[in-house]
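structure-v7.pdb, holding PDB, C-alpha atoms and all ligand atoms:
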ATOM      1  CA  MET U   1    -209.757 -82.972 -47.257
ATOM      2  CA  ASN U   2    -209.450 -86.598 -46.348
ATOM      3  CA  ILE U   3    -206.061 -87.348 -44.901
ATOM      4  CA  SER U   4    -204.853 -90.866 -44.360
ATOM      5  CA  ASP U   5    -204.125 -92.155 -40.878
ATOM      6  CA  LYS U   6    -200.598 -92.500 -39.561
ATOM      7  CA  GLY U   7    -201.477 -95.268 -37.129
ATOM      8  CA  PRO U   8    -203.274 -95.560 -33.795
ATOM      9  CA  LYS U   9    -200.732 -93.731 -31.629
ATOM     10  CA  GLN U  10    -199.494 -90.979 -33.890
ATOM     11  CA  LYS U  11    -201.400 -87.798 -34.583
ATOM     12  CA  LYS U  12    -201.800 -86.978 -38.234
ATOM     13  CA  ILE U  13    -199.629 -84.081 -39.393
ATOM     14  CA  VAL U  14    -200.732 -81.372 -41.794
ATOM     15  CA  VAL U  15    -198.331 -78.769 -43.149
ATOM     16  CA  ILE U  16    -200.063 -75.464 -43.848
ATOM     17  CA  LYS U  17    -198.276 -72.865 -45.941
ATOM     18  CA  LEU U  18    -199.762 -69.477 -45.041
ATOM     19  CA  SER U  19    -199.683 -66.915 -47.799
ATOM     20  CA  GLY U  20    -197.245 -64.102 -47.172
ATOM     21  CA  SER U  21    -200.132 -61.793 -48.079
ATOM     22  CA  ILE U  22    -201.645 -62.187 -44.604
ATOM     23  CA  PHE U  23    -198.568 -60.538 -43.110
ATOM     24  CA  ASN U  24    -198.323 -56.918 -44.137
ATOM     25  CA  ILE U  25    -198.267 -53.468 -42.614
ATOM     26  CA  ASN U  26    -202.056 -53.553 -42.215
ATOM     27  CA  THR U  27    -202.092 -56.909 -40.395
ATOM     28  CA  THR U  28    -203.990 -56.654 -37.112
ATOM     29  CA  ALA U  29    -203.685 -58.545 -33.845
ATOM     30  CA  LYS U  30    -207.300 -59.616 -34.410
ATOM     31  CA  SER U  31    -206.566 -61.306 -37.730
ATOM     32  CA  LEU U  32    -203.533 -63.143 -36.338
ATOM     33  CA  LYS U  33    -205.570 -64.247 -33.313
ATOM     34  CA  GLN U  34    -208.148 -65.747 -35.693
ATOM     35  CA  TYR U  35    -205.412 -67.848 -37.296
ATOM     36  CA  ALA U  36    -204.066 -68.785 -33.857
ATOM     37  CA  GLN U  37    -207.548 -69.903 -32.773
ATOM     38  CA  LEU U  38    -207.821 -72.019 -35.906
ATOM     39  CA  PHE U  39    -204.504 -73.770 -35.272
ATOM     40  CA  LEU U  40    -205.371 -74.369 -31.607
ATOM     41  CA  GLU U  41    -208.598 -76.051 -32.696
ATOM     42  CA  ILE U  42    -206.884 -78.141 -35.356
ATOM     43  CA  GLN U  43    -204.259 -79.199 -32.817
ATOM     44  CA  LYS U  44    -206.853 -81.079 -30.785
ATOM     45  CA  LYS U  45    -206.939 -83.699 -33.548
ATOM     46  CA  ILE U  46    -204.048 -83.045 -35.902
ATOM     47  CA  GLN U  47    -200.541 -81.678 -35.483
ATOM     48  CA  PRO U  48    -200.243 -78.489 -37.539
ATOM     49  CA  VAL U  49    -196.906 -77.387 -38.951
ATOM     50  CA  ILE U  50    -197.227 -73.846 -40.285
ATOM     51  CA  VAL U  51    -194.942 -72.205 -42.845
ATOM     52  CA  ALA U  52    -195.228 -68.414 -43.042
ATOM     53  CA  GLY U  53    -194.639 -66.707 -46.387
ATOM     54  CA  GLY U  54    -192.616 -63.554 -46.817
ATOM     55  CA  GLY U  55    -195.292 -61.434 -48.488
ATOM     56  CA  LEU U  56    -195.042 -57.851 -49.669
ATOM     57  CA  ILE U  57    -192.648 -56.834 -46.939
ATOM     58  CA  ALA U  58    -190.132 -59.436 -48.152
ATOM     59  CA  ARG U  59    -190.665 -58.290 -51.746
ATOM     60  CA  ASP U  60    -190.132 -54.633 -50.780
ATOM     61  CA  TYR U  61    -186.900 -55.431 -48.960
ATOM     62  CA  ILE U  62    -185.679 -57.613 -51.811
ATOM     63  CA  ASN U  63    -186.456 -54.991 -54.473
ATOM     64  CA  LEU U  64    -184.809 -52.256 -52.462
ATOM     65  CA  ALA U  65    -181.665 -54.290 -51.778
ATOM     66  CA  ARG U  66    -181.543 -55.452 -55.428
ATOM     67  CA  SER U  67    -181.552 -51.830 -56.570
ATOM     68  CA  LEU U  68    -178.656 -51.234 -54.181
ATOM     69  CA  GLY U  69    -176.670 -54.029 -55.843
ATOM     70  CA  SER U  70    -177.146 -57.044 -53.524
ATOM     71  CA  ASP U  71    -176.527 -60.453 -55.094
ATOM     72  CA  GLU U  72    -179.464 -62.863 -55.509
ATOM     73  CA  SER U  73    -178.487 -65.261 -52.737
ATOM     74  CA  THR U  74    -178.275 -62.374 -50.264
ATOM     75  CA  LEU U  75    -181.737 -61.302 -51.409
ATOM     76  CA  ASP U  76    -183.008 -64.830 -50.748
ATOM     77  CA  VAL U  77    -181.611 -64.667 -47.234
ATOM     78  CA  MET U  78    -183.447 -61.370 -46.719
ATOM     79  CA  GLY U  79    -186.679 -63.048 -47.870
ATOM     80  CA  ILE U  80    -186.067 -65.927 -45.466
ATOM     81  CA  GLU U  81    -185.448 -63.537 -42.575
ATOM     82  CA  ILE U  82    -188.701 -61.667 -43.238
ATOM     83  CA  SER U  83    -190.643 -64.954 -43.415
ATOM     84  CA  ARG U  84    -189.050 -65.926 -40.089
ATOM     85  CA  LEU U  85    -190.200 -62.619 -38.595
ATOM     86  CA  ASN U  86    -193.708 -63.388 -39.873
ATOM     87  CA  ALA U  87    -193.427 -66.798 -38.219
ATOM     88  CA  MET U  88    -192.441 -65.101 -34.940
ATOM     89  CA  LEU U  89    -195.438 -62.795 -35.195
ATOM     90  CA  LEU U  90    -197.835 -65.712 -35.580
ATOM     91  CA  SER U  91    -196.045 -67.592 -32.782
ATOM     92  CA  ALA U  92    -196.692 -64.631 -30.490
ATOM     93  CA  ALA U  93    -200.428 -65.272 -30.898
ATOM     94  CA  LEU U  94    -200.128 -68.974 -30.033
ATOM     95  CA  GLY U  95    -198.876 -68.666 -26.438
ATOM     96  CA  ASP U  96    -197.657 -71.853 -24.759
ATOM     97  CA  SER U  97    -198.986 -74.093 -27.516
ATOM     98  CA  VAL U  98    -196.281 -73.146 -29.961
ATOM     99  CA  TYR U  99    -192.857 -74.753 -30.219
ATOM    100  CA  PRO U 100    -190.638 -71.983 -28.832
ATOM    101  CA  VAL U 101    -188.025 -71.966 -31.607
ATOM    102  CA  ILE U 102    -188.440 -70.954 -35.252
ATOM    103  CA  PRO U 103    -186.600 -73.875 -36.920
ATOM    104  CA  SER U 104    -183.615 -73.235 -39.185
ATOM    105  CA  ASN U 105    -183.505 -76.527 -41.080
ATOM    106  CA  LEU U 106    -185.459 -79.688 -41.809
ATOM    107  CA  GLU U 107    -183.763 -81.682 -39.051
ATOM    108  CA  GLU U 108    -184.841 -79.114 -36.450
ATOM    109  CA  ILE U 109    -188.392 -79.452 -37.705
ATOM    110  CA  SER U 110    -188.261 -83.247 -37.285
ATOM    111  CA  VAL U 111    -187.092 -82.795 -33.707
ATOM    112  CA  ALA U 112    -189.727 -80.117 -33.066
ATOM    113  CA  CYS U 113    -192.447 -82.524 -34.222
ATOM    114  CA  GLN U 114    -191.686 -84.797 -31.280
ATOM    115  CA  SER U 115    -192.874 -82.032 -28.937
ATOM    116  CA  GLY U 116    -196.486 -82.280 -30.107
ATOM    117  CA  LYS U 117    -196.601 -78.477 -30.133
ATOM    118  CA  ILE U 118    -197.673 -76.303 -33.040
ATOM    119  CA  ILE U 119    -194.596 -75.623 -35.140
ATOM    120  CA  VAL U 120    -194.236 -72.358 -37.024
ATOM    121  CA  SER U 121    -191.476 -72.030 -39.593
ATOM    122  CA  GLY U 122    -190.402 -69.502 -42.175
ATOM    123  CA  GLY U 123    -188.241 -70.210 -45.219
ATOM    124  CA  LEU U 124    -185.159 -72.390 -44.807
ATOM    125  CA  HIS U 125    -182.830 -72.482 -47.826
ATOM    126  CA  PRO U 126    -181.845 -69.765 -50.327
ATOM    127  CA  GLY U 127    -182.937 -70.342 -53.906
ATOM    128  CA  GLN U 128    -186.473 -71.531 -53.290
ATOM    129  CA  SER U 129    -189.915 -70.338 -52.243
ATOM    130  CA  THR U 130    -191.712 -70.987 -48.988
ATOM    131  CA  ASN U 131    -194.019 -73.260 -51.037
ATOM    132  CA  ALA U 132    -191.038 -75.452 -51.918
ATOM    133  CA  THR U 133    -189.883 -75.306 -48.300
ATOM    134  CA  ALA U 134    -193.333 -76.425 -47.129
ATOM    135  CA  ALA U 135    -193.285 -79.348 -49.589
ATOM    136  CA  LEU U 136    -189.808 -80.366 -48.395
ATOM    137  CA  ILE U 137    -191.021 -80.220 -44.794
ATOM    138  CA  CYS U 138    -193.948 -82.507 -45.725
ATOM    139  CA  GLU U 139    -191.463 -84.945 -47.206
ATOM    140  CA  LYS U 140    -189.124 -84.849 -44.216
ATOM    141  CA  ILE U 141    -191.764 -85.365 -41.534
ATOM    142  CA  LYS U 142    -193.972 -87.649 -43.649
ATOM    143  CA  ALA U 143    -196.917 -85.284 -43.349
ATOM    144  CA  ASN U 144    -200.349 -86.679 -44.167
ATOM    145  CA  GLY U 145    -201.317 -83.601 -46.119
ATOM    146  CA  PHE U 146    -200.151 -80.248 -47.447
ATOM    147  CA  VAL U 147    -202.456 -77.234 -47.558
ATOM    148  CA  ASN U 148    -201.177 -74.312 -49.588
ATOM    149  CA  ALA U 149    -203.288 -71.417 -48.294
ATOM    150  CA  THR U 150    -202.912 -68.639 -50.852
ATOM    151  CA  ASP U 151    -204.522 -65.349 -51.807
ATOM    152  CA  VAL U 152    -206.720 -67.017 -54.491
ATOM    153  CA  ASP U 153    -209.413 -69.711 -54.264
ATOM    154  CA  GLY U 154    -207.358 -72.460 -55.893
ATOM    155  CA  ILE U 155    -205.911 -73.322 -59.288
ATOM    156  CA  TYR U 156    -207.808 -72.003 -62.337
ATOM    157  CA  ASP U 157    -207.522 -72.967 -66.006
ATOM    158  CA  SER U 158    -206.732 -69.330 -66.842
ATOM    159  CA  ASP U 159    -206.160 -66.104 -64.980
ATOM    160  CA  PRO U 160    -209.463 -65.218 -63.228
ATOM    161  CA  ASN U 161    -208.366 -61.588 -63.007
ATOM    162  CA  LYS U 162    -208.187 -61.416 -66.805
ATOM    163  CA  ASN U 163    -210.773 -64.018 -67.783
ATOM    164  CA  PRO U 164    -214.159 -63.808 -66.002
ATOM    165  CA  LYS U 165    -214.981 -67.291 -67.325
ATOM    166  CA  ALA U 166    -211.889 -68.879 -65.783
ATOM    167  CA  LYS U 167    -212.730 -72.272 -64.322
ATOM    168  CA  LEU U 168    -211.541 -73.388 -60.906
ATOM    169  CA  PHE U 169    -210.209 -76.948 -60.917
ATOM    170  CA  LYS U 170    -211.750 -79.085 -58.188
ATOM    171  CA  GLU U 171    -208.957 -81.564 -58.861
ATOM    172  CA  ILE U 172    -205.889 -81.437 -61.051
ATOM    173  CA  ALA U 173    -203.289 -84.139 -61.612
ATOM    174  CA  ILE U 174    -199.736 -83.281 -60.603
ATOM    175  CA  GLU U 175    -198.552 -84.163 -64.145
ATOM    176  CA  ARG U 176    -200.902 -81.555 -65.590
ATOM    177  CA  CYS U 177    -199.638 -78.889 -63.158
ATOM    178  CA  LEU U 178    -196.066 -79.700 -64.179
ATOM    179  CA  ASN U 179    -196.955 -79.601 -67.888
ATOM    180  CA  LEU U 180    -198.695 -76.270 -67.550
ATOM    181  CA  LEU U 181    -195.722 -74.861 -65.685
ATOM    182  CA  ASN U 182    -193.241 -76.256 -68.261
ATOM    183  CA  THR U 183    -195.168 -74.870 -71.211
ATOM    184  CA  GLY U 184    -195.226 -71.444 -69.580
ATOM    185  CA  SER U 185    -199.013 -71.455 -69.519
ATOM    186  CA  THR U 186    -200.642 -68.539 -67.761
ATOM    187  CA  MET U 187    -202.607 -70.763 -65.404
ATOM    188  CA  ALA U 188    -203.652 -68.187 -62.811
ATOM    189  CA  GLY U 189    -200.458 -67.313 -61.055
ATOM    190  CA  THR U 190    -199.464 -70.941 -60.855
ATOM    191  CA  TYR U 191    -195.840 -69.958 -60.615
ATOM    192  CA  ASP U 192    -196.659 -68.164 -57.399
ATOM    193  CA  LEU U 193    -199.059 -70.815 -56.193
ATOM    194  CA  MET U 194    -196.737 -73.719 -56.849
ATOM    195  CA  ASP U 195    -193.270 -73.453 -58.323
ATOM    196  CA  ILE U 196    -191.426 -76.273 -60.014
ATOM    197  CA  VAL U 197    -189.462 -77.349 -56.919
ATOM    198  CA  ALA U 198    -192.629 -77.600 -54.839
ATOM    199  CA  LEU U 199    -194.421 -79.579 -57.561
ATOM    200  CA  LYS U 200    -191.502 -81.953 -58.096
ATOM    201  CA  VAL U 201    -191.312 -82.692 -54.370
ATOM    202  CA  ILE U 202    -195.086 -83.255 -54.213
ATOM    203  CA  GLU U 203    -194.781 -85.605 -57.174
ATOM    204  CA  ARG U 204    -191.829 -87.651 -56.001
ATOM    205  CA  SER U 205    -193.185 -88.182 -52.498
ATOM    206  CA  LYS U 206    -196.847 -88.356 -53.486
ATOM    207  CA  ILE U 207    -197.895 -85.712 -50.981
ATOM    208  CA  PRO U 208    -201.676 -85.188 -50.893
ATOM    209  CA  THR U 209    -201.974 -81.442 -51.570
ATOM    210  CA  TRP U 210    -204.725 -78.830 -51.538
ATOM    211  CA  VAL U 211    -204.532 -75.258 -52.796
ATOM    212  CA  THR U 212    -207.075 -72.978 -51.192
ATOM    213  CA  LYS U 213    -207.814 -69.461 -50.050
ATOM    214  CA  SER U 214    -206.015 -68.323 -46.922
ATOM    215  CA  ASP U 215    -209.004 -67.767 -44.677
ATOM    216  CA  PRO U 216    -209.306 -69.330 -41.200
ATOM    217  CA  LYS U 217    -212.846 -70.628 -41.775
ATOM    218  CA  ILE U 218    -212.002 -72.156 -45.140
ATOM    219  CA  ILE U 219    -208.863 -73.834 -43.804
ATOM    220  CA  LYS U 220    -210.830 -75.172 -40.828
ATOM    221  CA  ASP U 221    -213.601 -76.583 -43.025
ATOM    222  CA  LEU U 222    -211.063 -78.170 -45.332
ATOM    223  CA  ILE U 223    -209.067 -79.855 -42.577
ATOM    224  CA  MET U 224    -211.673 -80.571 -39.896
ATOM    225  CA  LYS U 225    -214.853 -81.082 -41.907
ATOM    226  CA  ASN U 226    -213.393 -82.752 -44.948
ATOM    227  CA  SER U 227    -215.053 -80.069 -47.115
ATOM    228  CA  LYS U 228    -214.243 -80.076 -50.803
ATOM    229  CA  ILE U 229    -212.890 -76.549 -51.101
ATOM    230  CA  GLY U 230    -210.237 -75.156 -53.437
ATOM    231  CA  THR U 231    -208.209 -77.461 -55.675
ATOM    232  CA  LYS U 232    -206.903 -80.888 -54.803
ATOM    233  CA  ILE U 233    -203.677 -81.838 -56.577
ATOM    234  CA  THR U 234    -203.887 -85.565 -57.200
ATOM    235  CA  VAL U 235    -200.645 -87.544 -56.961
TER     236      VAL U 235
HETATM  237  P1  LIG I 301    -191.918 -66.489 -50.277
HETATM  238  O1  LIG I 301    -191.747 -67.729 -51.009
HETATM  239  O2  LIG I 301    -192.684 -66.562 -49.039
HETATM  240  O3  LIG I 301    -192.549 -65.416 -51.212
HETATM  241  O4  LIG I 301    -190.488 -65.907 -49.920
HETATM  242  P2  LIG I 301    -194.030 -64.863 -51.214
HETATM  243  O5  LIG I 301    -194.137 -64.219 -52.541
HETATM  244  O6  LIG I 301    -194.342 -64.061 -50.015
HETATM  245  O7  LIG I 301    -194.896 -66.148 -51.186
HETATM  246  P3  LIG I 301    -196.418 -66.241 -51.009
HETATM  247  O8  LIG I 301    -197.026 -64.965 -51.473
HETATM  248  O9  LIG I 301    -196.626 -66.495 -49.565
HETATM  249  O10 LIG I 301    -196.744 -67.437 -51.844
HETATM  250  C1  LIG I 301    -190.011 -64.626 -50.246
HETATM  251  C2  LIG I 301    -188.603 -64.765 -50.796
HETATM  252  O11 LIG I 301    -187.723 -65.294 -49.809
HETATM  253  C3  LIG I 301    -186.748 -66.149 -50.389
HETATM  254  C4  LIG I 301    -187.001 -66.106 -51.891
HETATM  255  O12 LIG I 301    -186.215 -65.056 -52.438
HETATM  256  C5  LIG I 301    -188.484 -65.743 -51.959
HETATM  257  O13 LIG I 301    -188.808 -65.142 -53.185
HETATM  258  N1  LIG I 301    -186.859 -67.505 -49.814
HETATM  259  C6  LIG I 301    -187.961 -67.875 -49.106
HETATM  260  C7  LIG I 301    -185.821 -68.403 -49.975
HETATM  261  O14 LIG I 301    -184.820 -68.117 -50.644
HETATM  262  N2  LIG I 301    -185.923 -69.644 -49.394
HETATM  263  C8  LIG I 301    -187.003 -70.035 -48.686
HETATM  264  O15 LIG I 301    -187.021 -71.183 -48.167
HETATM  265  C9  LIG I 301    -188.047 -69.122 -48.549
END

Could you write out this file's structure as structure tokens?
Amino acid sequence: MNISDKGPKQKKIVVIKLSGSIFNINTTAKSLKQYAQLFLEIQKKIQPVIVAGGGLIARDYINLARSLGSDESTLDVMGIEISRLNAMLLSAALGDSVYPVIPSNLEEISVACQSGKIIVSGGLHPGQSTNATAALICEKIKANGFVNATDVDGIYDSDPNKNPKAKLFKEIAIERCLNLLNTGSTMAGTYDLMDIVALKVIERSKIPTWVTKSDPKIIKDLIMKNSKIGTKITV
């Protein structure tokens, strides 16, 4: 990952969306500490802004409440609240280095950035995914890069779970991602990896974006060692 410089005085900012899959009932203190260690290391050179996904716990709550008759916007709020709880959990592992408030909107995130601390957010607005939220945060704070750390290695040309010959894209143009999404192609869980709102925001603000596996070592190599891992979305 080669992120452009913001200027001599400002630290570069990278927004990292952490897959909701790392927060579940089997999550251990050890695994969260490994992520915390990663962000503390990154922070020496780059300001990390983390967005925690909702994961299975959010999905379970949403499905249960849907079966009880909740409307969709209420379900979205439930998803947001669970992602905020996940953000709090990660914050607990970051000690004094974390901004002490889980932001509620984009303006609060802009203000939080001035602190130089590690910022951990959950979802913000009903009707979108945490991927879209992360892209909107990139736009608002003029982030130098967006890393979407997911539960797969990157974007494939077909579903690797169904097609053993599926090919991982090293690079893919944003227009092609949008086309594949519009034509309803089954590009390996692309809807989950990047929904239309996230892609549109990446496109309009030309946000350099990487999709990669959510693993502390991989994220570190991508950000700190400029390793070519996962898929780069070219803009
Ligand atoms: P996520 O987008 O995090 O779902 O939010 P996820 O499936 O866990 O994502 P991955 O696996 O990390 O990619 C869970 C739900 O919370 C609501 C939506 O209903 C979403 O499906 N949500 C989340 C919002 O409405 N707004 C947000 O900003 C974030």

Using all atoms listed in the file, determine which residues lie at most 7 Å from Leu90 in chain U, disregarding the query and same-chain residues fewer than 4 positions distant; provide the list as a PyMOL selection string. chain U and resi 32+86+94

Nearest candidate to ligand LIG 301 (chain I) (options U:Asp96, U:Glu175, U:Asp157, U:Asp195; using all atoms listed in the file):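 Result for the nearest residue to ligand LIG 301 (chain I): U:Asp195.
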
Taking all atoms listed in the file into account, which of U:Gly95, U:Gly127, U:Gly69, U:Pro100 comes nearest ligand LIG 301 (chain I)?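 The closest residue to ligand LIG 301 (chain I) is U:Gly127.
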
If we count only C-alpha atoms and set the cut-off at 9 Å, which residues sit around Leu85 in chain U, ignoring sequence neighbours fewer than 4 positions away in its own chain? Please answer as an mmCIF file with C-alpha atoms, keeping the file's coordinate frame.
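Saved result, part32.cif, follows:
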data_model
loop_
_atom_site.group_PDB
_atom_site.id
_atom_site.type_symbol
_atom_site.label_atom_id
_atom_site.label_comp_id
_atom_site.auth_asym_id
_atom_site.auth_seq_id
_atom_site.Cartn_x
_atom_site.Cartn_y
_atom_site.Cartn_z
ATOM 1 C CA ALA U 52 -195.228 -68.414 -43.042
ATOM 2 C CA GLY U 54 -192.616 -63.554 -46.817
ATOM 3 C CA ILE U 80 -186.067 -65.927 -45.466
ATOM 4 C CA GLU U 81 -185.448 -63.537 -42.575
ATOM 5 C CA LEU U 89 -195.438 -62.795 -35.195
ATOM 6 C CA LEU U 90 -197.835 -65.712 -35.580
ATOM 7 C CA GLY U 122 -190.402 -69.502 -42.175
#

Using the chain letters and numbering of this document, enumerate as a count of residues only the residues selected by the PyMOL selection byres (((not hetatm)) within 7 of (chain I and resi 301)). 33

Given the choices U:Ile233, U:Tyr35, U:Ala173, U:Ser205, which gets closest to Lys140 in chain U if the distance is worked out from all atoms listed in the file?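 The shortest atom-to-atom distance to Lys140 in chain U comes from U:Ser205.
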
For the atom pair CA of Asp60 in chain U and CA of Ile25 in chain U, what is the interatomic distance in Å to one decimal place?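 Taking CA of Asp60 in chain U as the start and CA of Ile25 in chain U as the end point, the length is 11.6 Å.
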
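The space separating CA of Ser121 in chain U from CA of Pro48 in chain U comes to 11.1 Å.
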
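For the file at hand, the PyMOL selection byres (((chain U and resi 214) around 10) and not hetatm) resolves to Ile16, Lys17, Leu18, Ser19, Gly20, Ser21, Ile22, Tyr35, Val147, Asn148, Ala149, Thr150, Asp151, Val152, Asp153, Gly154, Val211, Thr212, Lys213, Asp215, Pro216, Lys217, Ile218 and Ile219 of chain U.
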
Of the candidates U:Ile13, U:Ala36, U:Val111, U:Ile229, which shows the shortest atom-to-atom distance to Trp210 in chain U, using all atoms listed in the file?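 Result for the nearest residue to Trp210 in chain U: U:Ile229.
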
From U:Leu199, U:Ala134, U:Ala93, U:Ala143, residue lying nearest Val51 in chain U [all atoms listed in the file]: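 Distance minimum relative to Val51 in chain U lands on U:Ala134.
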
Output of the PyMOL selection byres (((chain U and resi 49) around 7) and not hetatm), listed as an NGL selection string: :U and (14-16 or 47-48 or 50-51 or 118-120)

Coordinates-based distance that separates CA of Phe146 in chain U from CA of Lys12 in chain U (Å, one decimal):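 For CA of Lys12 in chain U relative to CA of Phe146 in chain U, the distance reads 11.5 Å.
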
Using all atoms listed in the file, which protein or nucleic acid residues come within 7 Å of Ala135 in chain U? Drop anything in the same chain fewer than 4 positions from it, and give the result as a PyMOL selection string. chain U and resi 131+139+198+201-202

Measuring atom to atom with all atoms listed in the file, identify which of U:Leu136, U:Val235, U:Ile174, U:Leu64 is nearest to Ile155 in chain U. U:Ile174

Taking every listed atom of range 10-14 of chain U and adding 5 Å to each side, what centre and edge lengths in Å (one decimal) does the axis-aligned box have, as lines of an AutoDock Vina configuration file?
center_x = -200.6
center_y = -86.2
center_z = -37.8
size_x = 12.3
size_y = 19.6
size_z = 17.9

As a CSV table (one decimal), in the coordinates of the input, could you write out range 46-60 of chain U once it has been completed with N, CA, C and O atoms?
chain,number,residue,atom,x,y,z
U,46,ILE,N,-205.1,-82.9,-34.9
U,46,ILE,CA,-204.0,-83.0,-35.9
U,46,ILE,C,-202.9,-82.1,-35.5
U,46,ILE,O,-203.1,-81.0,-35.0
U,47,GLN,N,-201.7,-82.6,-35.8
U,47,GLN,CA,-200.5,-81.7,-35.5
U,47,GLN,C,-200.3,-80.7,-36.7
U,47,GLN,O,-200.0,-81.2,-37.8
U,48,PRO,N,-200.5,-79.4,-36.4
U,48,PRO,CA,-200.2,-78.5,-37.5
U,48,PRO,C,-198.8,-78.0,-37.6
U,48,PRO,O,-198.2,-77.7,-36.5
U,49,VAL,N,-198.2,-78.0,-38.7
U,49,VAL,CA,-196.9,-77.4,-39.0
U,49,VAL,C,-197.1,-76.2,-39.9
U,49,VAL,O,-197.6,-76.5,-41.1
U,50,ILE,N,-196.9,-75.0,-39.5
U,50,ILE,CA,-197.2,-73.8,-40.3
U,50,ILE,C,-196.0,-73.3,-40.9
U,50,ILE,O,-194.9,-73.2,-40.3
U,51,VAL,N,-196.1,-72.9,-42.2
U,51,VAL,CA,-194.9,-72.2,-42.8
U,51,VAL,C,-195.4,-70.8,-43.3
U,51,VAL,O,-196.4,-70.7,-44.0
U,52,ALA,N,-194.8,-69.8,-42.7
U,52,ALA,CA,-195.2,-68.4,-43.0
U,52,ALA,C,-194.5,-67.9,-44.3
U,52,ALA,O,-193.3,-68.1,-44.4
U,53,GLY,N,-195.3,-67.3,-45.2
U,53,GLY,CA,-194.6,-66.7,-46.4
U,53,GLY,C,-194.0,-65.4,-46.1
U,53,GLY,O,-194.2,-64.8,-45.0
U,54,GLY,N,-193.3,-64.8,-47.0
U,54,GLY,CA,-192.6,-63.6,-46.8
U,54,GLY,C,-193.5,-62.3,-47.1
U,54,GLY,O,-193.4,-61.3,-46.5
U,55,GLY,N,-194.3,-62.5,-48.1
U,55,GLY,CA,-195.3,-61.4,-48.5
U,55,GLY,C,-194.6,-60.2,-49.1
U,55,GLY,O,-193.5,-60.2,-49.5
U,56,LEU,N,-195.5,-59.1,-49.0
U,56,LEU,CA,-195.0,-57.9,-49.7
U,56,LEU,C,-193.8,-57.2,-49.0
U,56,LEU,O,-193.0,-56.6,-49.6
U,57,ILE,N,-193.8,-57.4,-47.7
U,57,ILE,CA,-192.6,-56.8,-46.9
U,57,ILE,C,-191.3,-57.4,-47.4
U,57,ILE,O,-190.4,-56.7,-47.7
U,58,ALA,N,-191.3,-58.8,-47.6
U,58,ALA,CA,-190.1,-59.4,-48.2
U,58,ALA,C,-189.8,-58.9,-49.5
U,58,ALA,O,-188.7,-58.6,-49.9
U,59,ARG,N,-190.9,-58.8,-50.4
U,59,ARG,CA,-190.7,-58.3,-51.7
U,59,ARG,C,-190.1,-56.9,-51.7
U,59,ARG,O,-189.2,-56.5,-52.5
U,60,ASP,N,-190.6,-56.0,-50.9
U,60,ASP,CA,-190.1,-54.6,-50.8
U,60,ASP,C,-188.7,-54.6,-50.4
U,60,ASP,O,-187.8,-53.9,-51.0
